[in-house]
Amino acid sequence: MQKKISILFVCLGNICRSPMAEGIFNTIIAREGVDHRFEVDSAGLLNFHQDEMADSRMRLHAHNRGYELVTRSRQILKNDLNRFDWILVMDEQNYEGLHRMTTDPSQFAKIHRITDFCVNKKAAHVPDPYYGGDQGFEDVIDLLEDACEGLLTELKKVL
Ligand code: 4NP
């Protein structure tokens with residue numbers, strides 16, 4: 001059997017952006033019939049929301065766009081940097097937080113900014129929607145749909 005590619009989406013709280021990325025990526029790989037080739041998870045730098053479902057606003061916006069978010073928040077573990085092949089962060093704060101956790105260059109090489117995979121959108125990070133209004137949640141979905149499509153295009157080259 002071929003080895004699965006393991007992917008971890010990371011944000012600060014693991015209740016808005018990274019669960020949304022996980023939901024979108026899972027939808028895309030199912031649509032493309034390649035879901036059996038991936039292991040997908042998400043985590044947060046903080047433990048403030050440990051075991052909570054995704055933020056109710058994020059879940060509502062997701063639902064209205066056809067995604068059901070069913071994950072529970074978990075804090076990232078040191079071993080995630082060994083366990084996962086690709087680690088996708090939402091912003092520079094996430095990037096730096098993860099960088100500080102790395103213990104060797106092979107771990108560092110796994111960390112990527114998800115916006116680097118955007119094809120149609122131009123953005124340097126996925127803005128944190130937590131303290132904002134409805135439009136922020138819509139923007140998260142728009143950016144992550146574009147970035148996740150681009151990510152799968154890249155990963156198909158190594159599938
Ligand atoms: P996320 O959003 O990182 O996209 O899940 C946040 C959720 C919670 C907090 C910050 C950002 N917080 O400070 O509790």
# chains A, B, ... in the order shown; residues from 1 in each chain; ligands from 1
call {"tool": "residues_around", "arguments": {"residues": "stretch 102-110 of chain A", "least_positions_apart": "5", "cutoff": "8 Å", "atoms": "only C-alpha atoms", "output": "ChimeraX atom specification"}}
result
/A:78,81-82,85-87
call {"tool": "residues_near_ligand", "arguments": {"ligand": "ligand 1", "cutoff": "7 Å", "atoms": "only C-alpha atoms and all ligand atoms", "output": "PyMOL selection string"}}
result
chain A and resi 11-18+44+48-49+128-130
call {"tool": "write_last_selection", "arguments": {"atoms": "all heavy atoms", "output": "short mmCIF file (atom, residue, chain, number, x, y, z; two decimals), in the first residue's frame"}}
result
data_model
loop_
_atom_site.label_atom_id
_atom_site.label_comp_id
_atom_site.auth_asym_id
_atom_site.auth_seq_id
_atom_site.Cartn_x
_atom_site.Cartn_y
_atom_site.Cartn_z
N CYS A 11 -3.31 26.90 13.47
CA CYS A 11 -3.59 28.32 13.73
C CYS A 11 -3.38 28.56 15.21
O CYS A 11 -2.72 27.76 15.90
CB CYS A 11 -4.98 28.72 13.25
SG CYS A 11 -6.35 27.89 14.09
N LEU A 12 -3.93 29.65 15.73
CA LEU A 12 -3.67 29.98 17.13
C LEU A 12 -4.56 29.16 18.08
O LEU A 12 -4.07 28.49 19.00
CB LEU A 12 -3.90 31.48 17.33
CG LEU A 12 -3.41 32.11 18.61
CD1 LEU A 12 -1.91 31.88 18.81
CD2 LEU A 12 -3.71 33.62 18.59
N GLY A 13 -5.87 29.20 17.85
CA GLY A 13 -6.80 28.57 18.79
C GLY A 13 -7.34 27.21 18.36
O GLY A 13 -7.96 26.52 19.15
N ASN A 14 -7.14 26.87 17.08
CA ASN A 14 -7.72 25.65 16.49
C ASN A 14 -9.25 25.61 16.64
O ASN A 14 -9.84 24.55 16.82
CB ASN A 14 -7.08 24.37 17.09
CG ASN A 14 -7.43 23.09 16.33
OD1 ASN A 14 -7.60 22.04 16.93
ND2 ASN A 14 -7.56 23.15 15.03
N ILE A 15 -9.86 26.80 16.56
CA ILE A 15 -11.33 26.82 16.56
C ILE A 15 -11.90 27.60 15.37
O ILE A 15 -13.11 27.56 15.15
CB ILE A 15 -11.93 27.38 17.87
CG1 ILE A 15 -11.37 28.76 18.19
CG2 ILE A 15 -11.74 26.40 19.02
CD1 ILE A 15 -12.12 29.47 19.33
N CYS A 16 -11.06 28.31 14.62
CA CYS A 16 -11.57 29.03 13.44
C CYS A 16 -10.84 28.60 12.17
O CYS A 16 -11.36 27.81 11.38
CB CYS A 16 -11.43 30.55 13.63
SG CYS A 16 -12.42 31.22 14.99
N ARG A 17 -9.62 29.12 11.96
CA ARG A 17 -8.97 28.95 10.65
C ARG A 17 -8.52 27.54 10.36
O ARG A 17 -8.78 27.02 9.26
CB ARG A 17 -7.79 29.93 10.54
CG ARG A 17 -8.23 31.39 10.52
CD ARG A 17 -7.07 32.33 10.76
NE ARG A 17 -6.55 32.20 12.13
CZ ARG A 17 -5.48 32.81 12.59
NH1 ARG A 17 -4.78 33.59 11.79
NH2 ARG A 17 -5.10 32.65 13.84
N SER A 18 -7.82 26.90 11.29
CA SER A 18 -7.30 25.56 10.94
C SER A 18 -8.39 24.49 10.85
O SER A 18 -8.30 23.61 9.98
CB SER A 18 -6.14 25.13 11.85
OG SER A 18 -6.52 25.06 13.20
N GLY A 44 -3.79 23.82 17.35
CA GLY A 44 -3.57 25.23 17.67
C GLY A 44 -2.33 25.41 18.53
O GLY A 44 -1.92 24.50 19.25
N PHE A 48 -6.16 27.23 24.94
CA PHE A 48 -7.30 27.93 25.54
C PHE A 48 -8.63 27.25 25.25
O PHE A 48 -9.60 27.39 25.99
CB PHE A 48 -7.42 29.35 24.98
CG PHE A 48 -6.35 30.30 25.43
CD1 PHE A 48 -5.33 29.91 26.28
CD2 PHE A 48 -6.37 31.62 24.98
CE1 PHE A 48 -4.35 30.80 26.67
CE2 PHE A 48 -5.39 32.52 25.38
CZ PHE A 48 -4.38 32.11 26.21
N HIS A 49 -8.72 26.54 24.14
CA HIS A 49 -10.02 25.99 23.71
C HIS A 49 -9.97 24.47 23.60
O HIS A 49 -10.76 23.88 22.87
CB HIS A 49 -10.41 26.62 22.37
CG HIS A 49 -10.54 28.10 22.45
ND1 HIS A 49 -11.66 28.73 22.92
CD2 HIS A 49 -9.64 29.09 22.17
CE1 HIS A 49 -11.46 30.04 22.91
NE2 HIS A 49 -10.25 30.29 22.46
N ASP A 128 -6.85 36.55 11.31
CA ASP A 128 -7.58 35.96 12.44
C ASP A 128 -8.97 36.59 12.52
O ASP A 128 -9.09 37.80 12.70
CB ASP A 128 -6.77 36.26 13.71
CG ASP A 128 -7.36 35.59 14.94
OD1 ASP A 128 -8.51 35.13 14.87
OD2 ASP A 128 -6.66 35.56 15.96
N PRO A 129 -10.04 35.80 12.39
CA PRO A 129 -11.40 36.37 12.38
C PRO A 129 -12.01 36.50 13.77
O PRO A 129 -13.12 37.01 13.91
CB PRO A 129 -12.18 35.33 11.57
CG PRO A 129 -11.55 34.02 11.99
CD PRO A 129 -10.07 34.34 12.20
N TYR A 130 -11.31 36.04 14.80
CA TYR A 130 -11.92 35.81 16.12
C TYR A 130 -12.56 37.05 16.72
O TYR A 130 -13.65 36.99 17.28
CB TYR A 130 -10.86 35.24 17.07
CG TYR A 130 -11.42 34.70 18.37
CD1 TYR A 130 -12.24 33.59 18.41
CD2 TYR A 130 -11.09 35.32 19.58
CE1 TYR A 130 -12.74 33.09 19.60
CE2 TYR A 130 -11.58 34.82 20.79
CZ TYR A 130 -12.40 33.72 20.78
OH TYR A 130 -12.89 33.22 21.98
#
call {"tool": "residues_around", "arguments": {"residues": "A:Glu96", "least_positions_apart": "2", "cutoff": "12 Å", "atoms": "only C-alpha atoms", "output": "ChimeraX atom specification"}}
result
/A:10-12,45,89-94,98-102,108,111-113
call {"tool": "write_last_selection", "arguments": {"atoms": "all heavy atoms", "output": "short mmCIF file (atom, residue, chain, number, x, y, z; two decimals), in the first residue's frame"}}
result
data_model
loop_
_atom_site.label_atom_id
_atom_site.label_comp_id
_atom_site.auth_asym_id
_atom_site.auth_seq_id
_atom_site.Cartn_x
_atom_site.Cartn_y
_atom_site.Cartn_z
N VAL A 10 -2.42 24.46 11.05
CA VAL A 10 -2.18 25.05 12.38
C VAL A 10 -2.60 26.52 12.39
O VAL A 10 -2.31 27.28 11.46
CB VAL A 10 -0.68 24.94 12.75
CG1 VAL A 10 -0.39 25.67 14.05
CG2 VAL A 10 -0.26 23.47 12.85
N CYS A 11 -3.31 26.90 13.47
CA CYS A 11 -3.59 28.32 13.73
C CYS A 11 -3.38 28.56 15.21
O CYS A 11 -2.72 27.76 15.90
CB CYS A 11 -4.98 28.72 13.25
SG CYS A 11 -6.35 27.89 14.09
N LEU A 12 -3.93 29.65 15.73
CA LEU A 12 -3.67 29.98 17.13
C LEU A 12 -4.56 29.16 18.08
O LEU A 12 -4.07 28.49 19.00
CB LEU A 12 -3.90 31.48 17.33
CG LEU A 12 -3.41 32.11 18.61
CD1 LEU A 12 -1.91 31.88 18.81
CD2 LEU A 12 -3.71 33.62 18.59
N LEU A 45 -1.75 26.60 18.46
CA LEU A 45 -0.59 26.90 19.32
C LEU A 45 -1.03 27.01 20.78
O LEU A 45 -0.27 26.66 21.69
CB LEU A 45 0.06 28.22 18.89
CG LEU A 45 1.18 28.23 17.84
CD1 LEU A 45 2.31 27.29 18.26
CD2 LEU A 45 0.70 27.87 16.47
N VAL A 89 0.68 26.71 8.14
CA VAL A 89 0.29 27.73 9.12
C VAL A 89 -0.47 28.86 8.45
O VAL A 89 -0.36 29.09 7.24
CB VAL A 89 1.51 28.29 9.89
CG1 VAL A 89 2.23 27.19 10.64
CG2 VAL A 89 2.44 29.06 8.95
N MET A 90 -1.23 29.60 9.27
CA MET A 90 -2.11 30.65 8.76
C MET A 90 -1.44 32.02 8.71
O MET A 90 -1.80 32.85 7.88
CB MET A 90 -3.37 30.76 9.63
CG MET A 90 -4.15 29.47 9.73
SD MET A 90 -4.84 28.96 8.16
CE MET A 90 -4.63 27.18 8.26
N ASP A 91 -0.51 32.27 9.65
CA ASP A 91 0.09 33.62 9.70
C ASP A 91 1.49 33.56 10.32
O ASP A 91 1.97 32.49 10.70
CB ASP A 91 -0.82 34.60 10.46
CG ASP A 91 -1.06 34.20 11.91
OD1 ASP A 91 -0.21 33.51 12.51
OD2 ASP A 91 -2.10 34.60 12.46
N GLU A 92 2.12 34.73 10.39
CA GLU A 92 3.51 34.78 10.86
C GLU A 92 3.64 34.41 12.33
O GLU A 92 4.64 33.83 12.75
CB GLU A 92 4.09 36.19 10.64
CG GLU A 92 4.32 36.53 9.20
CD GLU A 92 5.13 35.47 8.47
OE1 GLU A 92 6.28 35.22 8.83
OE2 GLU A 92 4.59 34.87 7.52
N GLN A 93 2.63 34.74 13.12
CA GLN A 93 2.66 34.38 14.54
C GLN A 93 2.69 32.86 14.69
O GLN A 93 3.45 32.31 15.48
CB GLN A 93 1.43 34.97 15.24
CG GLN A 93 1.42 34.78 16.74
CD GLN A 93 0.10 35.23 17.37
OE1 GLN A 93 -0.91 35.40 16.69
NE2 GLN A 93 0.11 35.40 18.67
N ASN A 94 1.88 32.18 13.89
CA ASN A 94 1.88 30.71 13.91
C ASN A 94 3.24 30.20 13.45
O ASN A 94 3.80 29.26 14.03
CB ASN A 94 0.85 30.10 12.95
CG ASN A 94 -0.57 30.60 13.08
OD1 ASN A 94 -1.34 30.51 12.12
ND2 ASN A 94 -0.95 31.13 14.24
N LEU A 98 5.74 27.98 15.79
CA LEU A 98 6.15 26.61 15.43
C LEU A 98 7.66 26.52 15.25
O LEU A 98 8.28 25.53 15.65
CB LEU A 98 5.47 26.19 14.12
CG LEU A 98 4.09 25.60 14.23
CD1 LEU A 98 3.68 25.00 12.90
CD2 LEU A 98 4.02 24.53 15.30
N HIS A 99 8.22 27.57 14.65
CA HIS A 99 9.67 27.59 14.45
C HIS A 99 10.39 27.40 15.78
O HIS A 99 11.35 26.63 15.89
CB HIS A 99 10.07 28.92 13.80
CG HIS A 99 11.48 28.95 13.31
ND1 HIS A 99 12.05 30.08 12.77
CD2 HIS A 99 12.43 28.00 13.29
CE1 HIS A 99 13.30 29.81 12.45
NE2 HIS A 99 13.56 28.57 12.75
N ARG A 100 9.88 28.06 16.82
CA ARG A 100 10.50 27.95 18.15
C ARG A 100 10.39 26.53 18.71
O ARG A 100 11.19 26.14 19.56
CB ARG A 100 9.83 28.93 19.13
CG ARG A 100 10.35 30.36 19.02
CD ARG A 100 9.94 31.20 20.23
NE ARG A 100 8.50 31.46 20.24
CZ ARG A 100 7.91 32.45 19.57
NH1 ARG A 100 8.63 33.29 18.86
NH2 ARG A 100 6.61 32.62 19.64
N MET A 101 9.43 25.77 18.25
CA MET A 101 9.26 24.39 18.76
C MET A 101 10.16 23.38 18.05
O MET A 101 10.31 22.25 18.51
CB MET A 101 7.81 23.92 18.56
CG MET A 101 6.82 24.56 19.50
SD MET A 101 5.13 24.05 19.08
CE MET A 101 5.21 22.30 19.45
N THR A 102 10.71 23.78 16.90
CA THR A 102 11.49 22.81 16.12
C THR A 102 12.81 22.49 16.80
O THR A 102 13.40 23.33 17.48
CB THR A 102 11.79 23.32 14.69
OG1 THR A 102 12.51 24.54 14.79
CG2 THR A 102 10.52 23.54 13.90
N PHE A 108 11.76 21.95 10.53
CA PHE A 108 11.55 23.31 10.03
C PHE A 108 11.11 23.29 8.56
O PHE A 108 10.25 24.06 8.15
CB PHE A 108 12.85 24.11 10.21
CG PHE A 108 12.71 25.53 9.77
CD1 PHE A 108 11.78 26.36 10.36
CD2 PHE A 108 13.50 26.03 8.76
CE1 PHE A 108 11.64 27.68 9.95
CE2 PHE A 108 13.36 27.34 8.34
CZ PHE A 108 12.43 28.16 8.94
N ILE A 111 7.33 23.18 7.55
CA ILE A 111 6.41 24.27 7.90
C ILE A 111 6.26 25.23 6.71
O ILE A 111 7.27 25.75 6.21
CB ILE A 111 6.90 25.03 9.15
CG1 ILE A 111 7.11 24.05 10.31
CG2 ILE A 111 5.91 26.12 9.53
CD1 ILE A 111 7.81 24.67 11.51
N HIS A 112 5.03 25.42 6.29
CA HIS A 112 4.76 26.29 5.12
C HIS A 112 3.62 27.24 5.46
O HIS A 112 2.72 26.91 6.22
CB HIS A 112 4.32 25.44 3.92
CG HIS A 112 5.29 24.36 3.57
ND1 HIS A 112 6.32 24.55 2.68
CD2 HIS A 112 5.39 23.08 4.01
CE1 HIS A 112 7.01 23.43 2.58
NE2 HIS A 112 6.48 22.52 3.37
N ARG A 113 3.67 28.40 4.84
CA ARG A 113 2.56 29.35 4.95
C ARG A 113 1.50 28.91 3.95
O ARG A 113 1.80 28.82 2.74
CB ARG A 113 3.03 30.76 4.62
CG ARG A 113 4.05 31.31 5.60
CD ARG A 113 4.67 32.59 5.06
NE ARG A 113 5.67 33.13 5.97
CZ ARG A 113 6.94 32.75 6.01
NH1 ARG A 113 7.40 31.82 5.19
NH2 ARG A 113 7.78 33.29 6.88
#
call {"tool": "residues_around", "arguments": {"residues": "A:Thr27", "least_positions_apart": "6", "cutoff": "10 Å", "atoms": "only C-alpha atoms", "output": "mmCIF file with N, CA and C atoms, in the first residue's frame"}}
result
data_model
loop_
_atom_site.group_PDB
_atom_site.id
_atom_site.type_symbol
_atom_site.label_atom_id
_atom_site.label_comp_id
_atom_site.auth_asym_id
_atom_site.auth_seq_id
_atom_site.Cartn_x
_atom_site.Cartn_y
_atom_site.Cartn_z
ATOM 1 N N ALA A 21 -9.707 25.065 7.401
ATOM 2 C CA ALA A 21 -8.797 24.530 6.382
ATOM 3 C C ALA A 21 -8.932 23.012 6.289
ATOM 4 N N GLY A 33 -11.401 12.237 -5.253
ATOM 5 C CA GLY A 33 -11.231 10.780 -5.114
ATOM 6 C C GLY A 33 -9.859 10.366 -4.623
ATOM 7 N N ASP A 35 -8.912 10.958 -1.220
ATOM 8 C CA ASP A 35 -8.914 11.083 0.247
ATOM 9 C C ASP A 35 -8.204 9.928 0.936
ATOM 10 N N GLY A 66 -21.515 25.029 2.745
ATOM 11 C CA GLY A 66 -21.527 23.600 2.414
ATOM 12 C C GLY A 66 -20.527 22.734 3.163
ATOM 13 N N TYR A 67 -19.935 23.272 4.241
ATOM 14 C CA TYR A 67 -18.973 22.485 5.025
ATOM 15 C C TYR A 67 -19.504 22.275 6.440
ATOM 16 N N GLU A 68 -19.366 21.069 6.955
ATOM 17 C CA GLU A 68 -19.734 20.798 8.349
ATOM 18 C C GLU A 68 -18.439 20.584 9.136
ATOM 19 N N GLU A 145 -10.229 28.280 0.564
ATOM 20 C CA GLU A 145 -10.646 27.481 -0.604
ATOM 21 C C GLU A 145 -9.597 27.590 -1.700
ATOM 22 N N CYS A 148 -6.252 25.820 -0.504
ATOM 23 C CA CYS A 148 -6.336 24.348 -0.427
ATOM 24 C C CYS A 148 -6.371 23.722 -1.813
#
call {"tool": "residues_around", "arguments": {"residues": "A:His63", "least_positions_apart": "2", "cutoff": "12 Å", "atoms": "only C-alpha atoms", "output": "list of chain:residue names"}}
result
A:Met20, A:Gly23, A:Ile24, A:Ala54, A:Ser56, A:Arg57, A:Met58, A:Arg59, A:Leu60, A:His61, A:Arg65, A:Gly66, A:Tyr67, A:Glu68, A:Leu69, A:Val70, A:Phe137, A:Glu138, A:Ile141
call {"tool": "select_by_dssp", "arguments": {"residues": "stretch 13-146 of chain A", "states": "strand (DSSP E or B)", "output": "tab-separated table (two decimals) with all heavy atoms, in the first residue's frame"}}
result
chain	number	residue	atom	x	y	z
A	38	PHE	N	-4.48	10.53	1.97
A	38	PHE	CA	-4.10	11.58	2.93
A	38	PHE	C	-4.57	11.28	4.34
A	38	PHE	O	-5.60	10.63	4.55
A	38	PHE	CB	-4.74	12.93	2.52
A	38	PHE	CG	-4.15	13.52	1.27
A	38	PHE	CD1	-4.74	13.30	0.04
A	38	PHE	CD2	-3.00	14.29	1.33
A	38	PHE	CE1	-4.20	13.84	-1.11
A	38	PHE	CE2	-2.44	14.83	0.19
A	38	PHE	CZ	-3.05	14.62	-1.04
A	39	GLU	N	-3.78	11.78	5.29
A	39	GLU	CA	-4.21	11.86	6.69
A	39	GLU	C	-4.22	13.36	7.00
A	39	GLU	O	-3.22	14.05	6.79
A	39	GLU	CB	-3.19	11.14	7.58
A	39	GLU	CG	-3.57	11.15	9.03
A	39	GLU	CD	-2.42	10.70	9.92
A	39	GLU	OE1	-1.48	10.06	9.42
A	39	GLU	OE2	-2.47	11.05	11.11
A	40	VAL	N	-5.35	13.86	7.47
A	40	VAL	CA	-5.51	15.31	7.65
A	40	VAL	C	-5.93	15.62	9.09
A	40	VAL	O	-6.80	14.95	9.64
A	40	VAL	CB	-6.58	15.86	6.67
A	40	VAL	CG1	-6.65	17.38	6.75
A	40	VAL	CG2	-6.30	15.43	5.25
A	41	ASP	N	-5.29	16.61	9.69
A	41	ASP	CA	-5.61	16.99	11.06
A	41	ASP	C	-5.37	18.49	11.21
A	41	ASP	O	-4.83	19.14	10.30
A	41	ASP	CB	-4.72	16.19	12.03
A	41	ASP	CG	-5.23	16.19	13.47
A	41	ASP	OD1	-6.31	16.75	13.73
A	41	ASP	OD2	-4.52	15.65	14.34
A	42	SER	N	-5.77	19.04	12.36
A	42	SER	CA	-5.46	20.44	12.64
A	42	SER	C	-5.17	20.59	14.13
A	42	SER	O	-5.55	19.73	14.94
A	42	SER	CB	-6.61	21.36	12.22
A	42	SER	OG	-7.77	21.10	12.99
A	43	ALA	N	-4.48	21.68	14.48
A	43	ALA	CA	-4.09	21.92	15.87
A	43	ALA	C	-3.86	23.41	16.07
A	43	ALA	O	-3.76	24.18	15.10
A	43	ALA	CB	-2.81	21.14	16.21
A	44	GLY	N	-3.79	23.82	17.35
A	44	GLY	CA	-3.57	25.23	17.67
A	44	GLY	C	-2.33	25.41	18.53
A	44	GLY	O	-1.92	24.50	19.25
A	53	MET	N	-15.51	22.42	20.36
A	53	MET	CA	-15.83	22.41	18.93
A	53	MET	C	-15.36	23.72	18.31
A	53	MET	O	-15.05	24.68	19.02
A	53	MET	CB	-17.33	22.26	18.73
A	53	MET	CG	-17.86	20.90	19.17
A	53	MET	SD	-19.54	20.65	18.60
A	53	MET	CE	-19.23	20.38	16.84
A	72	ARG	N	-12.65	18.82	17.20
A	72	ARG	CA	-12.47	19.38	18.55
A	72	ARG	C	-11.08	19.97	18.61
A	72	ARG	O	-10.11	19.38	18.11
A	72	ARG	CB	-12.58	18.27	19.60
A	72	ARG	CG	-13.96	17.63	19.65
A	72	ARG	CD	-14.82	18.27	20.72
A	72	ARG	NE	-16.19	17.82	20.63
A	72	ARG	CZ	-17.17	18.32	21.38
A	72	ARG	NH1	-16.91	19.29	22.25
A	72	ARG	NH2	-18.40	17.88	21.26
A	75	GLN	N	-4.27	21.27	21.27
A	75	GLN	CA	-3.01	22.02	21.18
A	75	GLN	C	-1.99	21.19	20.43
A	75	GLN	O	-1.97	19.95	20.54
A	75	GLN	CB	-2.49	22.33	22.59
A	75	GLN	CG	-1.32	23.29	22.59
A	75	GLN	CD	-0.88	23.68	24.00
A	75	GLN	OE1	-1.07	22.92	24.95
A	75	GLN	NE2	-0.30	24.85	24.13
A	86	TRP	N	3.56	17.54	6.14
A	86	TRP	CA	3.35	18.94	5.73
A	86	TRP	C	2.61	19.65	6.85
A	86	TRP	O	1.57	19.17	7.32
A	86	TRP	CB	2.49	19.02	4.46
A	86	TRP	CG	3.19	18.55	3.23
A	86	TRP	CD1	3.48	17.27	2.89
A	86	TRP	CD2	3.69	19.38	2.17
A	86	TRP	NE1	4.13	17.24	1.68
A	86	TRP	CE2	4.26	18.52	1.22
A	86	TRP	CE3	3.70	20.77	1.94
A	86	TRP	CZ2	4.85	19.01	0.05
A	86	TRP	CZ3	4.26	21.24	0.78
A	86	TRP	CH2	4.84	20.37	-0.15
A	87	ILE	N	3.14	20.81	7.27
A	87	ILE	CA	2.50	21.59	8.33
A	87	ILE	C	2.22	22.98	7.74
A	87	ILE	O	3.14	23.68	7.31
A	87	ILE	CB	3.40	21.67	9.57
A	87	ILE	CG1	3.67	20.24	10.08
A	87	ILE	CG2	2.74	22.52	10.65
A	87	ILE	CD1	4.66	20.16	11.22
A	88	LEU	N	0.94	23.33	7.71
A	88	LEU	CA	0.51	24.56	7.04
A	88	LEU	C	0.02	25.56	8.06
A	88	LEU	O	-0.95	25.28	8.78
A	88	LEU	CB	-0.63	24.25	6.07
A	88	LEU	CG	-0.36	23.57	4.73
A	88	LEU	CD1	0.73	24.30	3.95
A	88	LEU	CD2	-0.05	22.12	4.89
A	89	VAL	N	0.68	26.71	8.14
A	89	VAL	CA	0.29	27.73	9.12
A	89	VAL	C	-0.47	28.86	8.45
A	89	VAL	O	-0.36	29.09	7.24
A	89	VAL	CB	1.51	28.29	9.89
A	89	VAL	CG1	2.23	27.19	10.64
A	89	VAL	CG2	2.44	29.06	8.95
A	111	ILE	N	7.33	23.18	7.55
A	111	ILE	CA	6.41	24.27	7.90
A	111	ILE	C	6.26	25.23	6.71
A	111	ILE	O	7.27	25.75	6.21
A	111	ILE	CB	6.90	25.03	9.15
A	111	ILE	CG1	7.11	24.05	10.31
A	111	ILE	CG2	5.91	26.12	9.53
A	111	ILE	CD1	7.81	24.67	11.51
A	112	HIS	N	5.03	25.42	6.29
A	112	HIS	CA	4.76	26.29	5.12
A	112	HIS	C	3.62	27.24	5.46
A	112	HIS	O	2.72	26.91	6.22
A	112	HIS	CB	4.32	25.44	3.92
A	112	HIS	CG	5.29	24.36	3.57
A	112	HIS	ND1	6.32	24.55	2.68
A	112	HIS	CD2	5.39	23.08	4.01
A	112	HIS	CE1	7.01	23.43	2.58
A	112	HIS	NE2	6.48	22.52	3.37
A	113	ARG	N	3.67	28.40	4.84
A	113	ARG	CA	2.56	29.35	4.95
A	113	ARG	C	1.50	28.91	3.95
A	113	ARG	O	1.80	28.82	2.74
A	113	ARG	CB	3.03	30.76	4.62
A	113	ARG	CG	4.05	31.31	5.60
A	113	ARG	CD	4.67	32.59	5.06
A	113	ARG	NE	5.67	33.13	5.97
A	113	ARG	CZ	6.94	32.75	6.01
A	113	ARG	NH1	7.40	31.82	5.19
A	113	ARG	NH2	7.78	33.29	6.88
call {"tool": "closest_residue", "arguments": {"among": "A:Ile5, A:Asn64, A:Ile76, A:Leu143", "to": "A:Lys121", "atoms": "only C-alpha atoms"}}
result
A:Leu143
call {"tool": "atom_distance", "arguments": {"atom1": "atom CA of A:Lys157", "atom2": "atom CA of A:Leu77"}}
result
28.6 Å
call {"tool": "closest_residue", "arguments": {"among": "A:Ala30, A:Asp142, A:Leu151, A:Arg83", "to": "A:Asp116", "atoms": "only C-alpha atoms"}}
result
A:Leu151
call {"tool": "select_by_dssp", "arguments": {"residues": "chain A", "states": "helix (DSSP H, G or I)", "output": "number ranges by chain"}}
result
A: 17-31, 35-37, 56-64, 80-83, 92-101, 105-108, 114-117, 134-156
call {"tool": "residues_around", "arguments": {"residues": "A:Glu149", "least_positions_apart": "3", "cutoff": "9 Å", "atoms": "only C-alpha atoms", "output": "number ranges by chain"}}
result
A: 24-25, 28, 117-119, 144-146, 152-154
call {"tool": "write_last_selection", "arguments": {"atoms": "N, CA, C and O atoms", "output": "PDB file, in the first residue's frame"}}
result
ATOM      1  N   ILE A  24     -12.183  22.174   4.483  1.00  0.00           N
ATOM      2  CA  ILE A  24     -12.110  22.461   3.040  1.00  0.00           C
ATOM      3  C   ILE A  24     -11.220  21.440   2.348  1.00  0.00           C
ATOM      4  O   ILE A  24     -11.581  20.875   1.309  1.00  0.00           O
ATOM      5  N   PHE A  25     -10.049  21.167   2.934  1.00  0.00           N
ATOM      6  CA  PHE A  25      -9.127  20.232   2.271  1.00  0.00           C
ATOM      7  C   PHE A  25      -9.755  18.838   2.192  1.00  0.00           C
ATOM      8  O   PHE A  25      -9.657  18.165   1.153  1.00  0.00           O
ATOM      9  N   ILE A  28     -12.178  18.775  -0.664  1.00  0.00           N
ATOM     10  CA  ILE A  28     -11.537  18.766  -1.988  1.00  0.00           C
ATOM     11  C   ILE A  28     -10.960  17.384  -2.314  1.00  0.00           C
ATOM     12  O   ILE A  28     -11.143  16.873  -3.421  1.00  0.00           O
ATOM     13  N   PHE A 117       0.242  28.915  -1.235  1.00  0.00           N
ATOM     14  CA  PHE A 117      -0.374  28.015  -2.214  1.00  0.00           C
ATOM     15  C   PHE A 117      -1.577  28.644  -2.908  1.00  0.00           C
ATOM     16  O   PHE A 117      -2.221  27.994  -3.735  1.00  0.00           O
ATOM     17  N   CYS A 118      -1.888  29.898  -2.563  1.00  0.00           N
ATOM     18  CA  CYS A 118      -3.002  30.580  -3.230  1.00  0.00           C
ATOM     19  C   CYS A 118      -2.699  30.708  -4.720  1.00  0.00           C
ATOM     20  O   CYS A 118      -1.549  30.935  -5.116  1.00  0.00           O
ATOM     21  N   VAL A 119      -3.746  30.573  -5.514  1.00  0.00           N
ATOM     22  CA  VAL A 119      -3.591  30.670  -6.966  1.00  0.00           C
ATOM     23  C   VAL A 119      -4.255  31.951  -7.477  1.00  0.00           C
ATOM     24  O   VAL A 119      -3.666  32.715  -8.230  1.00  0.00           O
ATOM     25  N   LEU A 144      -9.002  30.237   2.108  1.00  0.00           N
ATOM     26  CA  LEU A 144      -8.635  28.839   2.324  1.00  0.00           C
ATOM     27  C   LEU A 144      -9.111  27.938   1.191  1.00  0.00           C
ATOM     28  O   LEU A 144      -8.446  26.947   0.873  1.00  0.00           O
ATOM     29  N   GLU A 145     -10.229  28.280   0.564  1.00  0.00           N
ATOM     30  CA  GLU A 145     -10.646  27.481  -0.604  1.00  0.00           C
ATOM     31  C   GLU A 145      -9.597  27.590  -1.700  1.00  0.00           C
ATOM     32  O   GLU A 145      -9.194  26.574  -2.297  1.00  0.00           O
ATOM     33  N   ASP A 146      -9.137  28.798  -1.939  1.00  0.00           N
ATOM     34  CA  ASP A 146      -8.128  29.001  -2.992  1.00  0.00           C
ATOM     35  C   ASP A 146      -6.815  28.306  -2.618  1.00  0.00           C
ATOM     36  O   ASP A 146      -6.216  27.581  -3.422  1.00  0.00           O
ATOM     37  N   LEU A 152      -3.439  21.135  -3.039  1.00  0.00           N
ATOM     38  CA  LEU A 152      -3.644  19.798  -3.619  1.00  0.00           C
ATOM     39  C   LEU A 152      -2.976  19.699  -4.991  1.00  0.00           C
ATOM     40  O   LEU A 152      -2.392  18.660  -5.320  1.00  0.00           O
ATOM     41  N   THR A 153      -3.019  20.762  -5.763  1.00  0.00           N
ATOM     42  CA  THR A 153      -2.332  20.752  -7.070  1.00  0.00           C
ATOM     43  C   THR A 153      -0.850  20.426  -6.879  1.00  0.00           C
ATOM     44  O   THR A 153      -0.278  19.610  -7.609  1.00  0.00           O
ATOM     45  N   GLU A 154      -0.224  21.040  -5.869  1.00  0.00           N
ATOM     46  CA  GLU A 154       1.196  20.761  -5.586  1.00  0.00           C
ATOM     47  C   GLU A 154       1.384  19.326  -5.121  1.00  0.00           C
ATOM     48  O   GLU A 154       2.312  18.629  -5.560  1.00  0.00           O
TER      49      GLU A 154
END
call {"tool": "atom_distance", "arguments": {"atom1": "atom CA of A:Gly136", "atom2": "atom CA of A:Arg31"}}
result
26.2 Å
